file upload_31.txt (compact mmCIF, C-alpha atoms)
# COMPACT_ATOMS: atom_id res chain seq x y z
CA MET S 1 2.56 66.43 -46.49
CA THR S 2 2.79 64.39 -49.66
CA LEU S 3 6.33 63.50 -50.69
CA LEU S 4 8.78 64.02 -47.82
CA LYS S 5 12.50 64.08 -48.51
CA THR S 6 14.51 62.71 -45.61
CA LYS S 7 17.90 61.17 -44.98
CA ASP S 8 18.90 57.79 -43.62
CA HIS S 9 21.87 57.16 -41.30
CA ASN S 10 24.19 57.00 -44.32
CA SER S 11 23.04 60.48 -45.43
CA LYS S 12 21.25 59.01 -48.43
CA THR S 13 18.17 60.98 -49.46
CA ILE S 14 14.97 58.98 -49.04
CA VAL S 15 11.53 60.03 -50.28
CA VAL S 16 8.61 59.00 -48.06
CA ALA S 17 5.08 59.36 -49.44
CA HIS S 18 2.70 60.20 -46.59
CA ARG S 19 -0.65 58.50 -47.32
CA GLY S 20 0.76 58.08 -50.83
CA ALA S 21 1.12 60.99 -53.23
CA SER S 22 -1.88 62.59 -51.56
CA ALA S 23 -1.58 65.91 -53.38
CA ASP S 24 -2.16 64.16 -56.68
CA ALA S 25 -4.65 61.42 -55.82
CA PRO S 26 -7.00 60.63 -52.93
CA GLU S 27 -5.03 59.78 -49.79
CA ASN S 28 -4.49 56.17 -48.79
CA THR S 29 -5.73 54.81 -52.11
CA ILE S 30 -4.05 52.62 -54.70
CA ALA S 31 -3.97 55.62 -57.04
CA ALA S 32 -2.06 57.62 -54.43
CA PHE S 33 0.43 54.84 -53.77
CA ASN S 34 1.02 54.10 -57.45
CA SER S 35 1.48 57.82 -58.09
CA ALA S 36 4.04 57.92 -55.30
CA TRP S 37 6.02 55.09 -56.86
CA GLU S 38 5.85 56.79 -60.26
CA GLN S 39 7.26 59.96 -58.69
CA GLY S 40 10.21 58.09 -57.25
CA ALA S 41 9.18 57.48 -53.64
CA ASP S 42 11.37 55.03 -51.72
CA VAL S 43 8.82 54.44 -48.95
CA ILE S 44 5.05 54.77 -48.71
CA GLU S 45 3.22 55.43 -45.45
CA GLY S 46 -0.38 54.38 -44.93
CA ASP S 47 -2.94 54.19 -42.13
CA PHE S 48 -4.57 50.86 -41.33
CA GLN S 49 -7.57 49.70 -39.32
CA LEU S 50 -9.56 46.52 -38.77
CA THR S 51 -13.11 46.14 -40.10
CA SER S 52 -15.94 44.45 -38.20
CA ASP S 53 -15.43 41.27 -40.23
CA GLY S 54 -11.68 41.04 -39.70
CA HIS S 55 -10.18 42.70 -42.78
CA ILE S 56 -7.47 45.36 -42.68
CA VAL S 57 -8.25 48.48 -44.69
CA CYS S 58 -6.25 51.59 -45.44
CA ILE S 59 -7.89 54.72 -44.05
CA HIS S 60 -6.80 57.43 -41.61
CA ASP S 61 -9.99 58.54 -39.85
CA GLN S 62 -12.14 56.42 -37.57
CA ASP S 63 -15.04 57.07 -39.93
CA THR S 64 -15.36 57.61 -43.67
CA LEU S 65 -17.17 60.97 -43.79
CA ARG S 66 -14.25 63.24 -44.70
CA VAL S 67 -13.01 61.16 -47.60
CA SER S 68 -16.26 59.69 -48.94
CA GLY S 69 -19.10 62.02 -47.97
CA THR S 70 -20.83 59.10 -46.22
CA ARG S 71 -20.28 58.33 -42.57
CA LEU S 72 -19.49 54.74 -41.71
CA ILE S 73 -17.53 53.79 -38.58
CA VAL S 74 -14.67 51.64 -39.87
CA LYS S 75 -14.56 49.17 -36.97
CA GLU S 76 -18.34 48.74 -37.10
CA SER S 77 -18.51 48.18 -40.88
CA THR S 78 -17.81 45.18 -43.08
CA LEU S 79 -15.36 45.26 -45.93
CA GLU S 80 -18.23 44.92 -48.40
CA GLU S 81 -19.97 47.96 -46.90
CA LEU S 82 -16.82 50.04 -47.01
CA LYS S 83 -16.08 49.00 -50.59
CA GLN S 84 -19.31 50.67 -51.73
CA LEU S 85 -17.92 54.13 -50.95
CA ASP S 86 -16.19 56.51 -53.36
CA MET S 87 -12.89 57.41 -51.69
CA GLY S 88 -12.20 60.11 -54.27
CA TRP S 89 -15.39 62.01 -53.46
CA TYR S 90 -13.64 64.93 -51.74
CA PHE S 91 -10.64 65.26 -53.99
CA HIS S 92 -10.37 68.63 -55.77
CA ASN S 93 -13.66 68.02 -57.63
CA LYS S 94 -11.84 65.55 -59.86
CA SER S 95 -13.29 62.20 -60.81
CA PHE S 96 -11.49 59.31 -59.11
CA ASP S 97 -13.08 55.88 -59.03
CA GLU S 98 -11.17 54.79 -55.94
CA LYS S 99 -12.35 52.33 -53.31
CA ILE S 100 -10.90 51.83 -49.86
CA PRO S 101 -8.02 49.36 -50.36
CA THR S 102 -7.16 46.36 -48.25
CA ILE S 103 -3.66 45.95 -46.90
CA GLN S 104 -3.13 43.11 -49.40
CA GLN S 105 -3.81 45.52 -52.26
CA VAL S 106 -1.40 48.08 -50.83
CA PHE S 107 1.30 45.46 -50.28
CA ALA S 108 0.89 44.38 -53.91
CA THR S 109 2.07 47.80 -55.14
CA ILE S 110 5.46 47.43 -53.44
CA SER S 111 8.37 46.21 -55.54
CA ASP S 112 11.51 44.49 -54.29
CA ASN S 113 13.51 47.63 -53.57
CA LYS S 114 10.71 49.67 -51.98
CA LYS S 115 9.33 49.84 -48.42
CA ILE S 116 6.23 50.69 -46.40
CA LEU S 117 5.48 52.26 -43.04
CA VAL S 118 2.29 50.73 -41.65
CA GLU S 119 0.64 53.09 -39.18
CA VAL S 120 -1.75 51.19 -36.95
CA LYS S 121 -4.73 53.44 -36.21
CA CYS S 122 -6.59 50.98 -33.97
CA GLY S 123 -5.51 48.65 -31.16
CA VAL S 124 -3.75 45.34 -30.66
CA GLU S 125 -6.72 43.45 -32.10
CA ILE S 126 -5.29 44.14 -35.55
CA LEU S 127 -1.97 42.38 -34.91
CA PRO S 128 -2.88 38.71 -35.55
CA VAL S 129 -4.45 39.64 -38.89
CA LEU S 130 -1.58 41.99 -39.73
CA MET S 131 1.03 39.30 -39.09
CA GLN S 132 -0.96 36.88 -41.24
CA GLN S 133 -1.13 39.39 -44.08
CA ILE S 134 2.60 40.10 -43.84
CA GLN S 135 3.34 36.37 -44.04
CA MET S 136 1.04 36.00 -47.05
CA SER S 137 2.66 38.91 -48.89
CA ASN S 138 5.74 38.68 -51.07
CA LEU S 139 7.50 41.28 -48.94
CA ASP S 140 10.59 40.74 -46.84
CA LEU S 141 10.31 41.85 -43.22
CA SER S 142 13.04 44.41 -43.92
CA GLN S 143 10.61 46.18 -46.27
CA ILE S 144 8.04 46.81 -43.53
CA GLY S 145 8.03 49.16 -40.56
CA ILE S 146 5.24 49.37 -37.99
CA ILE S 147 4.41 52.73 -36.38
CA ALA S 148 1.74 53.56 -33.78
CA PHE S 149 0.85 56.02 -31.03
CA ASP S 150 -0.54 53.14 -28.98
CA GLN S 151 2.32 51.87 -26.81
CA GLU S 152 0.73 48.44 -26.41
CA VAL S 153 0.57 47.97 -30.18
CA ILE S 154 4.34 48.45 -30.44
CA LYS S 155 5.02 46.26 -27.41
CA GLN S 156 2.87 43.39 -28.65
CA CYS S 157 4.20 43.73 -32.19
CA LYS S 158 7.77 43.23 -30.95
CA LEU S 159 6.70 40.26 -28.85
CA ILE S 160 4.99 38.59 -31.81
CA GLU S 161 7.64 39.39 -34.43
CA PRO S 162 10.88 40.87 -33.00
CA ARG S 163 12.42 41.16 -36.46
CA LEU S 164 9.94 43.83 -37.54
CA ILE S 165 11.08 47.42 -37.09
CA ALA S 166 8.53 49.12 -34.81
CA LEU S 167 8.65 52.83 -33.96
CA TRP S 168 6.61 54.54 -31.26
CA LEU S 169 4.83 57.67 -32.48
CA ASN S 170 4.98 60.50 -29.96
CA ASP S 171 3.28 63.90 -30.13
CA PHE S 172 5.93 65.99 -28.40
CA ASN S 173 3.36 68.73 -27.83
CA THR S 174 1.42 66.31 -25.63
CA ILE S 175 4.16 64.18 -24.08
CA ASN S 176 7.40 66.14 -23.57
CA ASP S 177 8.78 64.38 -20.48
CA ILE S 178 12.03 63.03 -21.88
CA GLY S 179 12.53 60.58 -19.03
CA PHE S 180 9.08 59.14 -19.60
CA ILE S 181 9.66 58.88 -23.35
CA ILE S 182 12.95 57.03 -22.93
CA SER S 183 11.58 54.65 -20.27
CA THR S 184 8.55 53.94 -22.46
CA LEU S 185 10.69 53.17 -25.51
CA LEU S 186 12.77 50.72 -23.47
CA ASP S 187 9.76 49.12 -21.79
CA ILE S 188 7.88 48.43 -25.01
CA LYS S 189 11.07 47.31 -26.79
CA ALA S 190 10.54 49.84 -29.57
CA ASP S 191 13.26 50.16 -32.18
CA GLY S 192 13.00 53.92 -31.96
CA LEU S 193 10.96 57.09 -31.84
CA LEU S 194 9.01 58.91 -34.54
CA SER S 195 8.06 62.34 -33.17
CA ASN S 196 7.16 65.89 -34.15
CA ASN S 197 9.91 67.23 -31.91
CA THR S 198 11.95 69.87 -33.75
CA THR S 199 13.41 71.77 -30.78
CA SER S 200 14.78 69.37 -28.18
CA GLU S 201 18.33 68.27 -28.94
CA GLN S 202 18.27 66.54 -25.55
CA LEU S 203 15.49 64.20 -26.66
CA ARG S 204 17.31 63.41 -29.89
CA ASN S 205 20.58 62.76 -28.06
CA GLU S 206 18.98 60.61 -25.36
CA VAL S 207 17.18 58.42 -27.91
CA ILE S 208 20.33 57.90 -29.96
CA LYS S 209 22.35 57.31 -26.75
CA GLN S 210 20.13 54.29 -26.10
CA GLY S 211 21.06 52.90 -29.50
CA LEU S 212 17.57 53.57 -30.86
CA ILE S 213 16.34 55.12 -34.10
CA TYR S 214 15.43 58.79 -33.88
CA ASN S 215 13.12 60.26 -36.50
CA ILE S 216 10.83 63.26 -36.84
CA TRP S 217 7.91 64.01 -39.10
CA ALA S 218 7.04 67.24 -40.95
CA SER S 219 10.64 68.06 -41.73
CA ASP S 220 12.94 67.99 -44.73
CA ASP S 221 16.00 67.36 -42.55
CA ILE S 222 15.58 64.09 -40.72
CA ASP S 223 18.69 62.42 -39.34
CA THR S 224 17.63 58.78 -39.52
CA ILE S 225 14.81 56.72 -40.88
CA GLY S 226 13.81 53.41 -39.42
CA ILE S 227 13.64 51.20 -42.48
call {"tool": "encode", "arguments": {"input": "upload_31.txt", "output": "structure tokens"}}
result
Amino acid sequence: MTLLKTKDHNSKTIVVAHRGASADAPENTIAAFNSAWEQGADVIEGDFQLTSDGHIVCIHDQDTLRVSGTRLIVKESTLEELKQLDMGWYFHNKSFDEKIPTIQQVFATISDNKKILVEVKCGVEILPVLMQQIQMSNLDLSQIGIIAFDQEVIKQCKLIEPRLIALWLNDFNTINDIGFIISTLLDIKADGLLSNNTTSEQLRNEVIKQGLIYNIWASDDIDTIGI
């Protein structure tokens, strides 16, 4: 998925760029995010992890092999080590001189009327640094949404900064117990659910009944978006 058209609760069409405009530039790079903005995206989505020396970088996988041709474990590598890699190595045999960006660099691409979904791909250890980077950015909290599969990440995020929108990611193919999903959302104080569910109206209705945001991925017909 590259540019995803969705709708907010006012039925306004919103374009979300998953890992940036990743059909046109290497995913999760500044080139991909800038391309997304140029194509009219309203929201960018990126994946973020913590390096061994405490920096937050934008990359999906736990290692760099797929996107750079060289295997470094992100959490075991320094920012300087990761910055040596060519993140456009795999991309359609085209020449891209792209390095793994920090979250500060990604934040810097976002203008006043645009937003970002920050997917946390590691654990709660990232949160103190993430909150610091958010405070140091020029972004308003309303421009940022936090998403994660890790329940504890969402729970701790809401404890640290309740004003941030935080959505729990749920693979409905793995966890399809609606009662468990609802109780988890309430326990971790999530603002809503972001799931791949496309069949269960009951799940959708139960989430909305609780006054929470309901959203799905991989669809062109999403009822609500969290930010």
call {"tool": "residues_around", "arguments": {"input": "upload_31.txt", "residues": "Gly192 in chain S", "least_positions_apart": "2", "cutoff": "8 Å", "atoms": "all atoms listed in the file", "output": "ChimeraX atom specification"}}
result
/S:166-168,185,190,194,207,212-215,226
call {"tool": "write_last_selection", "arguments": {"input": "upload_31.txt", "atoms": "C-alpha atoms", "output": "short mmCIF file (atom, residue, chain, number, x, y, z; two decimals), keeping the file's coordinate frame"}}
result
data_model
loop_
_atom_site.label_atom_id
_atom_site.label_comp_id
_atom_site.auth_asym_id
_atom_site.auth_seq_id
_atom_site.Cartn_x
_atom_site.Cartn_y
_atom_site.Cartn_z
CA ALA S 166 8.53 49.12 -34.81
CA LEU S 167 8.65 52.83 -33.96
CA TRP S 168 6.61 54.54 -31.26
CA LEU S 185 10.69 53.17 -25.51
CA ALA S 190 10.54 49.84 -29.57
CA LEU S 194 9.01 58.91 -34.54
CA VAL S 207 17.18 58.42 -27.91
CA LEU S 212 17.57 53.57 -30.86
CA ILE S 213 16.34 55.12 -34.10
CA TYR S 214 15.43 58.79 -33.88
CA ASN S 215 13.12 60.26 -36.50
CA GLY S 226 13.81 53.41 -39.42
#
call {"tool": "closest_atom_pairs", "arguments": {"input": "upload_31.txt", "of": "range 129-214 of chain S", "to": "range 101-112 of chain S", "cutoff": "9 Å", "atoms": "all atoms listed in the file", "output": "JSON lines"}}
result
{"residue": "S:Leu130", "atom": "CA", "partner": "S:Ile103", "partner_atom": "CA", "distance": 8.5}
{"residue": "S:Gln133", "atom": "CA", "partner": "S:Gln104", "partner_atom": "CA", "distance": 6.8}
{"residue": "S:Ile134", "atom": "CA", "partner": "S:Phe107", "partner_atom": "CA", "distance": 8.5}
{"residue": "S:Met136", "atom": "CA", "partner": "S:Gln104", "partner_atom": "CA", "distance": 8.6}
{"residue": "S:Ser137", "atom": "CA", "partner": "S:Phe107", "partner_atom": "CA", "distance": 6.8}
{"residue": "S:Asn138", "atom": "CA", "partner": "S:Ala108", "partner_atom": "CA", "distance": 8.0}
{"residue": "S:Leu139", "atom": "CA", "partner": "S:Asp112", "partner_atom": "CA", "distance": 7.4}
{"residue": "S:Asp140", "atom": "CA", "partner": "S:Asp112", "partner_atom": "CA", "distance": 8.4}
{"residue": "S:Gln143", "atom": "CA", "partner": "S:Asp112", "partner_atom": "CA", "distance": 8.2}
call {"tool": "closest_residue", "arguments": {"input": "upload_31.txt", "among": "S:Gly123, S:Pro26, S:Gly40, S:Gly145", "to": "Tyr90 in chain S", "atoms": "all atoms listed in the file"}}
result
S:Pro26
call {"tool": "atom_distance", "arguments": {"input": "upload_31.txt", "atom1": "CA of Gln202 in chain S", "atom2": "CA of Ile165 in chain S"}}
result
23.5 Å
call {"tool": "residues_around", "arguments": {"input": "upload_31.txt", "residues": "Glu81 in chain S", "least_positions_apart": "3", "cutoff": "12 Å", "atoms": "only C-alpha atoms", "output": "list in words"}}
result
Thr51, Ser52, Asp53, His55, Val57, Thr64, Thr70, Arg71, Leu72, Ile73, Val74, Lys75, Glu76, Ser77, Thr78, Gln84, Leu85, Asp86, Lys99 and Ile100 of chain S
call {"tool": "atom_distance", "arguments": {"input": "upload_31.txt", "atom1": "CA of Trp217 in chain S", "atom2": "CA of Ser195 in chain S"}}
result
6.2 Å
call {"tool": "atom_distance", "arguments": {"input": "upload_31.txt", "atom1": "CA of Ile144 in chain S", "atom2": "CA of Ile188 in chain S"}}
result
18.6 Å
call {"tool": "closest_residue", "arguments": {"input": "upload_31.txt", "among": "S:Glu80, S:Asp63, S:Glu161, S:Glu45", "to": "Lys115 in chain S", "atoms": "all atoms listed in the file"}}
result
S:Glu45
call {"tool": "residues_around", "arguments": {"input": "upload_31.txt", "residues": "range 157-160 of chain S", "least_positions_apart": "3", "cutoff": "10 Å", "atoms": "only C-alpha atoms", "output": "list of chain:residue names"}}
result
S:Val124, S:Leu127, S:Pro128, S:Leu130, S:Met131, S:Ile146, S:Ile147, S:Gln151, S:Glu152, S:Val153, S:Ile154, S:Arg163, S:Leu164, S:Ile165, S:Ala166, S:Ile188, S:Lys189, S:Ala190, S:Asp191
call {"tool": "residues_near_point", "arguments": {"input": "upload_31.txt", "point": "(5.5, 66.3, -33.2)", "cutoff": "10 Å", "atoms": "all atoms listed in the file", "output": "number ranges by chain"}}
result
S: 169-176, 194-199, 216-218
call {"tool": "write_last_selection", "arguments": {"input": "upload_31.txt", "atoms": "C-alpha atoms", "output": "PDB file, keeping the file's coordinate frame"}}
result
ATOM      1  CA  LEU S 169       4.830  57.670 -32.480  1.00  0.00           C
ATOM      2  CA  ASN S 170       4.980  60.500 -29.960  1.00  0.00           C
ATOM      3  CA  ASP S 171       3.280  63.900 -30.130  1.00  0.00           C
ATOM      4  CA  PHE S 172       5.930  65.990 -28.400  1.00  0.00           C
ATOM      5  CA  ASN S 173       3.360  68.730 -27.830  1.00  0.00           C
ATOM      6  CA  THR S 174       1.420  66.310 -25.630  1.00  0.00           C
ATOM      7  CA  ILE S 175       4.160  64.180 -24.080  1.00  0.00           C
ATOM      8  CA  ASN S 176       7.400  66.140 -23.570  1.00  0.00           C
ATOM      9  CA  LEU S 194       9.010  58.910 -34.540  1.00  0.00           C
ATOM     10  CA  SER S 195       8.060  62.340 -33.170  1.00  0.00           C
ATOM     11  CA  ASN S 196       7.160  65.890 -34.150  1.00  0.00           C
ATOM     12  CA  ASN S 197       9.910  67.230 -31.910  1.00  0.00           C
ATOM     13  CA  THR S 198      11.950  69.870 -33.750  1.00  0.00           C
ATOM     14  CA  THR S 199      13.410  71.770 -30.780  1.00  0.00           C
ATOM     15  CA  ILE S 216      10.830  63.260 -36.840  1.00  0.00           C
ATOM     16  CA  TRP S 217       7.910  64.010 -39.100  1.00  0.00           C
ATOM     17  CA  ALA S 218       7.040  67.240 -40.950  1.00  0.00           C
TER      18      ALA S 218
END
call {"tool": "closest_residue", "arguments": {"input": "upload_31.txt", "among": "S:Leu50, S:Leu141, S:Leu186, S:Cys58", "to": "Ile126 in chain S", "atoms": "only C-alpha atoms"}}
result
S:Leu50
call {"tool": "residues_around", "arguments": {"input": "upload_31.txt", "residues": "Glu206 in chain S", "least_positions_apart": "4", "cutoff": "10 Å", "atoms": "only C-alpha atoms", "output": "PyMOL selection string"}}
result
chain S and resi 178-179+181-182+201-202+210-212+214
call {"tool": "closest_residue", "arguments": {"input": "upload_31.txt", "among": "S:Leu117, S:Leu79, S:Ile208, S:Val15", "to": "Leu193 in chain S", "atoms": "only C-alpha atoms"}}
result
S:Ile208
call {"tool": "closest_residue", "arguments": {"input": "upload_31.txt", "among": "S:Leu65, S:Ala21, S:Ile14, S:Ile56", "to": "Lys121 in chain S", "atoms": "all atoms listed in the file"}}
result
S:Ile56
call {"tool": "decode", "arguments": {"input": "upload_31.txt", "residues": "range 12-50 of chain S", "atoms": "N, CA and C atoms", "output": "PDB file, in the first residue's frame"}}
result
ATOM      1  N   LYS S  12     -15.008  13.231   5.105  1.00  0.00           N
ATOM      2  CA  LYS S  12     -14.009  13.902   4.291  1.00  0.00           C
ATOM      3  C   LYS S  12     -12.957  12.885   3.860  1.00  0.00           C
ATOM      4  N   THR S  13     -12.605  12.907   2.583  1.00  0.00           N
ATOM      5  CA  THR S  13     -11.581  11.990   2.095  1.00  0.00           C
ATOM      6  C   THR S  13     -10.210  12.410   2.605  1.00  0.00           C
ATOM      7  N   ILE S  14      -9.478  11.437   3.153  1.00  0.00           N
ATOM      8  CA  ILE S  14      -8.141  11.669   3.684  1.00  0.00           C
ATOM      9  C   ILE S  14      -7.190  10.699   3.007  1.00  0.00           C
ATOM     10  N   VAL S  15      -6.031  11.182   2.597  1.00  0.00           N
ATOM     11  CA  VAL S  15      -5.033  10.331   1.954  1.00  0.00           C
ATOM     12  C   VAL S  15      -3.901  10.062   2.949  1.00  0.00           C
ATOM     13  N   VAL S  16      -3.692   8.781   3.252  1.00  0.00           N
ATOM     14  CA  VAL S  16      -2.650   8.355   4.179  1.00  0.00           C
ATOM     15  C   VAL S  16      -1.549   7.652   3.390  1.00  0.00           C
ATOM     16  N   ALA S  17      -0.327   8.099   3.546  1.00  0.00           N
ATOM     17  CA  ALA S  17       0.806   7.510   2.827  1.00  0.00           C
ATOM     18  C   ALA S  17       1.511   6.518   3.736  1.00  0.00           C
ATOM     19  N   HIS S  18       1.357   5.236   3.432  1.00  0.00           N
ATOM     20  CA  HIS S  18       1.915   4.154   4.239  1.00  0.00           C
ATOM     21  C   HIS S  18       3.398   3.985   3.943  1.00  0.00           C
ATOM     22  N   ARG S  19       4.247   4.266   4.940  1.00  0.00           N
ATOM     23  CA  ARG S  19       5.707   4.311   4.781  1.00  0.00           C
ATOM     24  C   ARG S  19       6.110   5.361   3.746  1.00  0.00           C
ATOM     25  N   GLY S  20       5.299   6.407   3.611  1.00  0.00           N
ATOM     26  CA  GLY S  20       5.511   7.404   2.577  1.00  0.00           C
ATOM     27  C   GLY S  20       4.966   6.919   1.255  1.00  0.00           C
ATOM     28  N   ALA S  21       5.309   7.621   0.190  1.00  0.00           N
ATOM     29  CA  ALA S  21       4.898   7.199  -1.155  1.00  0.00           C
ATOM     30  C   ALA S  21       5.847   6.097  -1.601  1.00  0.00           C
ATOM     31  N   SER S  22       5.653   4.905  -1.020  1.00  0.00           N
ATOM     32  CA  SER S  22       6.645   3.841  -1.141  1.00  0.00           C
ATOM     33  C   SER S  22       6.616   3.110  -2.477  1.00  0.00           C
ATOM     34  N   ALA S  23       5.722   3.503  -3.378  1.00  0.00           N
ATOM     35  CA  ALA S  23       5.786   2.969  -4.742  1.00  0.00           C
ATOM     36  C   ALA S  23       6.702   3.816  -5.618  1.00  0.00           C
ATOM     37  N   ASP S  24       7.010   5.017  -5.133  1.00  0.00           N
ATOM     38  CA  ASP S  24       7.777   5.959  -5.936  1.00  0.00           C
ATOM     39  C   ASP S  24       9.164   6.242  -5.393  1.00  0.00           C
ATOM     40  N   ALA S  25       9.388   5.899  -4.139  1.00  0.00           N
ATOM     41  CA  ALA S  25      10.690   6.130  -3.498  1.00  0.00           C
ATOM     42  C   ALA S  25      10.857   5.085  -2.400  1.00  0.00           C
ATOM     43  N   PRO S  26      12.077   4.832  -1.972  1.00  0.00           N
ATOM     44  CA  PRO S  26      12.286   3.817  -0.938  1.00  0.00           C
ATOM     45  C   PRO S  26      11.472   4.098   0.325  1.00  0.00           C
ATOM     46  N   GLU S  27      10.823   3.063   0.827  1.00  0.00           N
ATOM     47  CA  GLU S  27       9.933   3.203   1.976  1.00  0.00           C
ATOM     48  C   GLU S  27      10.631   3.803   3.188  1.00  0.00           C
ATOM     49  N   ASN S  28       9.869   4.578   3.944  1.00  0.00           N
ATOM     50  CA  ASN S  28      10.341   5.134   5.214  1.00  0.00           C
ATOM     51  C   ASN S  28      11.576   6.017   5.065  1.00  0.00           C
ATOM     52  N   THR S  29      11.705   6.666   3.919  1.00  0.00           N
ATOM     53  CA  THR S  29      12.805   7.602   3.715  1.00  0.00           C
ATOM     54  C   THR S  29      12.256   9.006   3.510  1.00  0.00           C
ATOM     55  N   ILE S  30      13.120   9.984   3.619  1.00  0.00           N
ATOM     56  CA  ILE S  30      12.691  11.368   3.405  1.00  0.00           C
ATOM     57  C   ILE S  30      12.163  11.546   1.987  1.00  0.00           C
ATOM     58  N   ALA S  31      12.775  10.875   1.021  1.00  0.00           N
ATOM     59  CA  ALA S  31      12.284  10.953  -0.360  1.00  0.00           C
ATOM     60  C   ALA S  31      10.856  10.447  -0.465  1.00  0.00           C
ATOM     61  N   ALA S  32      10.547   9.360   0.240  1.00  0.00           N
ATOM     62  CA  ALA S  32       9.192   8.807   0.206  1.00  0.00           C
ATOM     63  C   ALA S  32       8.193   9.730   0.875  1.00  0.00           C
ATOM     64  N   PHE S  33       8.577  10.328   1.989  1.00  0.00           N
ATOM     65  CA  PHE S  33       7.655  11.229   2.682  1.00  0.00           C
ATOM     66  C   PHE S  33       7.450  12.521   1.895  1.00  0.00           C
ATOM     67  N   ASN S  34       8.512  13.080   1.347  1.00  0.00           N
ATOM     68  CA  ASN S  34       8.363  14.294   0.540  1.00  0.00           C
ATOM     69  C   ASN S  34       7.529  14.035  -0.708  1.00  0.00           C
ATOM     70  N   SER S  35       7.724  12.855  -1.310  1.00  0.00           N
ATOM     71  CA  SER S  35       6.919  12.492  -2.471  1.00  0.00           C
ATOM     72  C   SER S  35       5.448  12.373  -2.092  1.00  0.00           C
ATOM     73  N   ALA S  36       5.186  11.839  -0.918  1.00  0.00           N
ATOM     74  CA  ALA S  36       3.801  11.728  -0.444  1.00  0.00           C
ATOM     75  C   ALA S  36       3.160  13.104  -0.293  1.00  0.00           C
ATOM     76  N   TRP S  37       3.903  14.035   0.296  1.00  0.00           N
ATOM     77  CA  TRP S  37       3.352  15.389   0.439  1.00  0.00           C
ATOM     78  C   TRP S  37       3.107  16.017  -0.931  1.00  0.00           C
ATOM     79  N   GLU S  38       4.032  15.812  -1.851  1.00  0.00           N
ATOM     80  CA  GLU S  38       3.874  16.374  -3.200  1.00  0.00           C
ATOM     81  C   GLU S  38       2.650  15.809  -3.911  1.00  0.00           C
ATOM     82  N   GLN S  39       2.301  14.558  -3.587  1.00  0.00           N
ATOM     83  CA  GLN S  39       1.144  13.917  -4.208  1.00  0.00           C
ATOM     84  C   GLN S  39      -0.166  14.216  -3.479  1.00  0.00           C
ATOM     85  N   GLY S  40      -0.094  15.018  -2.439  1.00  0.00           N
ATOM     86  CA  GLY S  40      -1.317  15.456  -1.780  1.00  0.00           C
ATOM     87  C   GLY S  40      -1.728  14.663  -0.565  1.00  0.00           C
ATOM     88  N   ALA S  41      -0.829  13.885   0.016  1.00  0.00           N
ATOM     89  CA  ALA S  41      -1.166  13.129   1.216  1.00  0.00           C
ATOM     90  C   ALA S  41      -1.538  14.076   2.357  1.00  0.00           C
ATOM     91  N   ASP S  42      -2.494  13.657   3.159  1.00  0.00           N
ATOM     92  CA  ASP S  42      -2.873  14.407   4.358  1.00  0.00           C
ATOM     93  C   ASP S  42      -2.114  13.906   5.579  1.00  0.00           C
ATOM     94  N   VAL S  43      -1.779  12.611   5.560  1.00  0.00           N
ATOM     95  CA  VAL S  43      -1.128  11.958   6.689  1.00  0.00           C
ATOM     96  C   VAL S  43      -0.034  11.036   6.152  1.00  0.00           C
ATOM     97  N   ILE S  44       1.116  11.031   6.818  1.00  0.00           N
ATOM     98  CA  ILE S  44       2.118  10.007   6.521  1.00  0.00           C
ATOM     99  C   ILE S  44       2.158   9.021   7.678  1.00  0.00           C
ATOM    100  N   GLU S  45       2.495   7.770   7.351  1.00  0.00           N
ATOM    101  CA  GLU S  45       2.680   6.738   8.369  1.00  0.00           C
ATOM    102  C   GLU S  45       4.090   6.210   8.242  1.00  0.00           C
ATOM    103  N   GLY S  46       4.794   6.091   9.377  1.00  0.00           N
ATOM    104  CA  GLY S  46       6.149   5.571   9.362  1.00  0.00           C
ATOM    105  C   GLY S  46       6.390   4.650  10.537  1.00  0.00           C
ATOM    106  N   ASP S  47       7.418   3.809  10.412  1.00  0.00           N
ATOM    107  CA  ASP S  47       7.768   2.836  11.441  1.00  0.00           C
ATOM    108  C   ASP S  47       9.026   3.301  12.165  1.00  0.00           C
ATOM    109  N   PHE S  48       9.015   3.211  13.500  1.00  0.00           N
ATOM    110  CA  PHE S  48      10.112   3.795  14.264  1.00  0.00           C
ATOM    111  C   PHE S  48      10.635   2.839  15.332  1.00  0.00           C
ATOM    112  N   GLN S  49      11.976   2.846  15.461  1.00  0.00           N
ATOM    113  CA  GLN S  49      12.655   2.004  16.433  1.00  0.00           C
ATOM    114  C   GLN S  49      13.790   2.784  17.093  1.00  0.00           C
ATOM    115  N   LEU S  50      14.267   2.234  18.206  1.00  0.00           N
ATOM    116  CA  LEU S  50      15.343   2.869  18.963  1.00  0.00           C
ATOM    117  C   LEU S  50      16.671   2.196  18.643  1.00  0.00           C
TER     118      LEU S  50
END
